[in-house]
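> Right, I'll just put the structure down here and ask away after.
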Amino acid sequence: MTRIDFHSNVPDKLNYTCRLIRKARAAQCKIVVFDSNKAQLEALNNALWTFSEADFLPHVMAGDRLAEQTPVILTYDDTVPVPHHDILINLTDVSPAHFDQFERMIEIIAIDENAKLAGRERYRFYQQQGHTLSHTTAKTT
C-alpha cells in the first residue's frame, strides 16, 4: 500500500519541490511529479535546470523518448503511463489517478486556505483507504 507524506505550510511550492527532488535523487529514488497546471509544470522544468549549480537533476516530460532512462518525470496528465513508480509528488489539489501504483506519494500543500482545505479532504480520503500517512510542516525561513 502507498505510503503518503503530507508536507504542509509550503510558501514556495516550486523551490520546495526542487529541494525534495534533490533529496530523493541523493537517495537514488526515481520521481514522478504531477501538476495539472502546464504553466507551473513548465516553471518547475526550468527551475530544475537552474536550481543548484552543484546538483544535476535530470528530468524529462512524460512520454519523452528518454523517459525510461531518466530518473525524474514531469507530467500534467496523471493517466499517462510512466516508467517507474518509486515516488509521486502531487502539486495539485486533487488525488492523482493511479497514485496507489507508487510506493510513496508526497502531497505538497501550500499556505493558502483553499489548498489547506483540499489537503485535509485528501488526508481523510487516504486515511479511510487505510494508507500509512505522515505529516510534516514546512519550515519557513
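We name chains A, B, ... following the order of the C-alpha cells; residues begin at 1 in each chain, and ligands are numbered from 1 as shown.
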Please provide the set of residues having any atom within 9 Å of Asn37 of chain A, restricted to only C-alpha atoms, with same-chain residues fewer than 5 positions apart removed, written as a list in words.
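What passes the distance filter is Glu42, Tyr76 and Thr92 of chain A.
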> Could you write those residues out with N, CA and C atoms, as an mmCIF file, in the first residue's frame?

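Output below, filename part_38.cif:
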data_model
loop_
_atom_site.group_PDB
_atom_site.id
_atom_site.type_symbol
_atom_site.label_atom_id
_atom_site.label_comp_id
_atom_site.auth_asym_id
_atom_site.auth_seq_id
_atom_site.Cartn_x
_atom_site.Cartn_y
_atom_site.Cartn_z
ATOM 1 N N GLU A 42 5.898 23.795 -16.407
ATOM 2 C CA GLU A 42 6.986 24.351 -17.223
ATOM 3 C C GLU A 42 7.929 25.187 -16.350
ATOM 4 N N TYR A 76 1.617 16.527 -16.635
ATOM 5 C CA TYR A 76 0.395 17.264 -16.324
ATOM 6 C C TYR A 76 -0.824 16.360 -16.512
ATOM 7 N N THR A 92 -1.039 19.209 -7.038
ATOM 8 C CA THR A 92 -2.400 19.665 -7.287
ATOM 9 C C THR A 92 -3.236 19.583 -6.014
#
> Going by DSSP on the backbone, which bits of chain A are strand (DSSP E)? Write them as a PyMOL selection string, please.
chain A and resi 3-10+31-34+59-61+72-75+87-90+104-110+132-137
> For C-alpha atoms, I'd like the residues from the last selection saved as a compact mmCIF listing (two decimals), in the first residue's frame.

# COMPACT_ATOMS: atom_id res chain seq x y z
CA ARG A 3 2.86 5.49 1.96
CA ILE A 4 1.64 9.11 1.81
CA ASP A 5 3.54 12.04 3.27
CA PHE A 6 1.88 15.44 3.59
CA HIS A 7 4.13 18.49 3.55
CA SER A 8 2.03 21.49 4.55
CA ASN A 9 2.50 25.22 5.02
CA VAL A 10 4.74 25.36 1.93
CA ILE A 31 10.40 10.53 -9.05
CA VAL A 32 7.26 11.47 -10.97
CA VAL A 33 5.92 15.00 -10.44
CA PHE A 34 2.27 15.68 -11.23
CA HIS A 59 14.34 15.24 -15.92
CA VAL A 60 12.01 14.97 -18.90
CA MET A 61 8.32 15.26 -19.62
CA VAL A 72 12.66 12.46 -12.83
CA ILE A 73 9.48 12.58 -14.92
CA LEU A 74 7.20 15.63 -15.08
CA THR A 75 3.57 15.21 -16.14
CA ILE A 87 7.84 8.42 -5.57
CA LEU A 88 4.97 10.56 -6.84
CA ILE A 89 4.98 14.24 -5.89
CA ASN A 90 1.50 15.75 -6.16
CA ARG A 104 5.28 6.60 -1.84
CA MET A 105 3.43 9.83 -2.60
CA ILE A 106 4.29 13.26 -1.29
CA GLU A 107 1.46 15.77 -1.13
CA ILE A 108 2.66 19.39 -1.23
CA ILE A 109 0.18 21.71 0.48
CA ALA A 110 0.62 25.48 0.00
CA THR A 132 0.08 4.93 6.02
CA LEU A 133 0.14 8.71 6.48
CA SER A 134 2.63 11.18 7.88
CA HIS A 135 2.64 14.94 8.16
CA THR A 136 5.46 17.48 8.08
CA THR A 137 5.04 21.22 8.46
> State, in Å with one decimal place, the distance from atom CA of Ala43 of chain A to atom CA of Arg25 of chain A.
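So the answer is 19.6 Å.
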> As a PyMOL selection string, please: the residues near Gln40 of chain A (cut-off 10 Å, only C-alpha atoms, same-chain neighbours under 3 positions excluded).
chain A and resi 13-14+35-37+43-46+76+91
> Considering only C-alpha atoms, state which residue in the set A:Ala138, A:Ala24, A:Trp49, A:Gly130 is at the smallest distance from Ile111 of chain A.
A:Ala138
> Quick check for you: according to DSSP on this backbone, which residues of segment 21-90 of chain A are classed as alpha helix (DSSP H)? Reply as a list in words.
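Alpha helix (DSSP H) members of segment 21-90 of chain A, listed: Ile21, Arg22, Lys23, Ala24, Arg25, Ala26, Lys38, Ala39, Gln40, Leu41, Glu42, Ala43, Leu44, Asn45, Asn46, Ala47, Leu48, Trp49 and Thr50 of chain A.
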> Between A:Ala118, A:Ala27, A:Met1, A:Val82, which one has atoms that come closest to Arg65 of chain A, using only C-alpha atoms?
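Distance minimum relative to Arg65 of chain A lands on A:Val82.
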> Using only C-alpha atoms, can you tell me which of A:Thr79, A:Pro11, A:Pro71, A:Gln127 comes closest to Gln28 of chain A?
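Using only C-alpha atoms, the shortest distance to Gln28 of chain A belongs to A:Pro71.
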> With only C-alpha atoms as the atoms that count, which of A:Ala47, A:Leu117, A:Ala97, A:Ala67 lies nearest to Arg19 of chain A?
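Ranking A:Ala47, A:Leu117, A:Ala97, A:Ala67 by distance to Arg19 of chain A, first place goes to A:Ala47.
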> Identify, on the basis of only C-alpha atoms, every residue whose closest approach to Gln101 of chain A does not exceed 9 Å; exclude the query and any residue fewer than 6 positions from it along the same chain; express the result as a short mmCIF file (atom, residue, chain, number, x, y, z; two decimals) with N, CA, C and O atoms, in the first residue's frame.

data_model
loop_
_atom_site.label_atom_id
_atom_site.label_comp_id
_atom_site.auth_asym_id
_atom_site.auth_seq_id
_atom_site.Cartn_x
_atom_site.Cartn_y
_atom_site.Cartn_z
N MET A 1 0.84 -1.18 0.00
CA MET A 1 0.00 0.00 0.00
C MET A 1 0.89 1.25 0.00
O MET A 1 1.94 1.26 0.62
N THR A 2 0.45 2.27 -0.68
CA THR A 2 1.22 3.50 -0.83
C THR A 2 1.37 4.24 0.50
O THR A 2 0.39 4.45 1.21
N HIS A 85 7.87 3.85 -10.50
CA HIS A 85 6.82 4.09 -9.50
C HIS A 85 7.37 4.17 -8.08
O HIS A 85 6.74 3.68 -7.14
N ASP A 86 8.54 4.78 -7.91
CA ASP A 86 9.09 4.95 -6.56
C ASP A 86 8.30 6.03 -5.81
O ASP A 86 7.63 5.73 -4.83
#
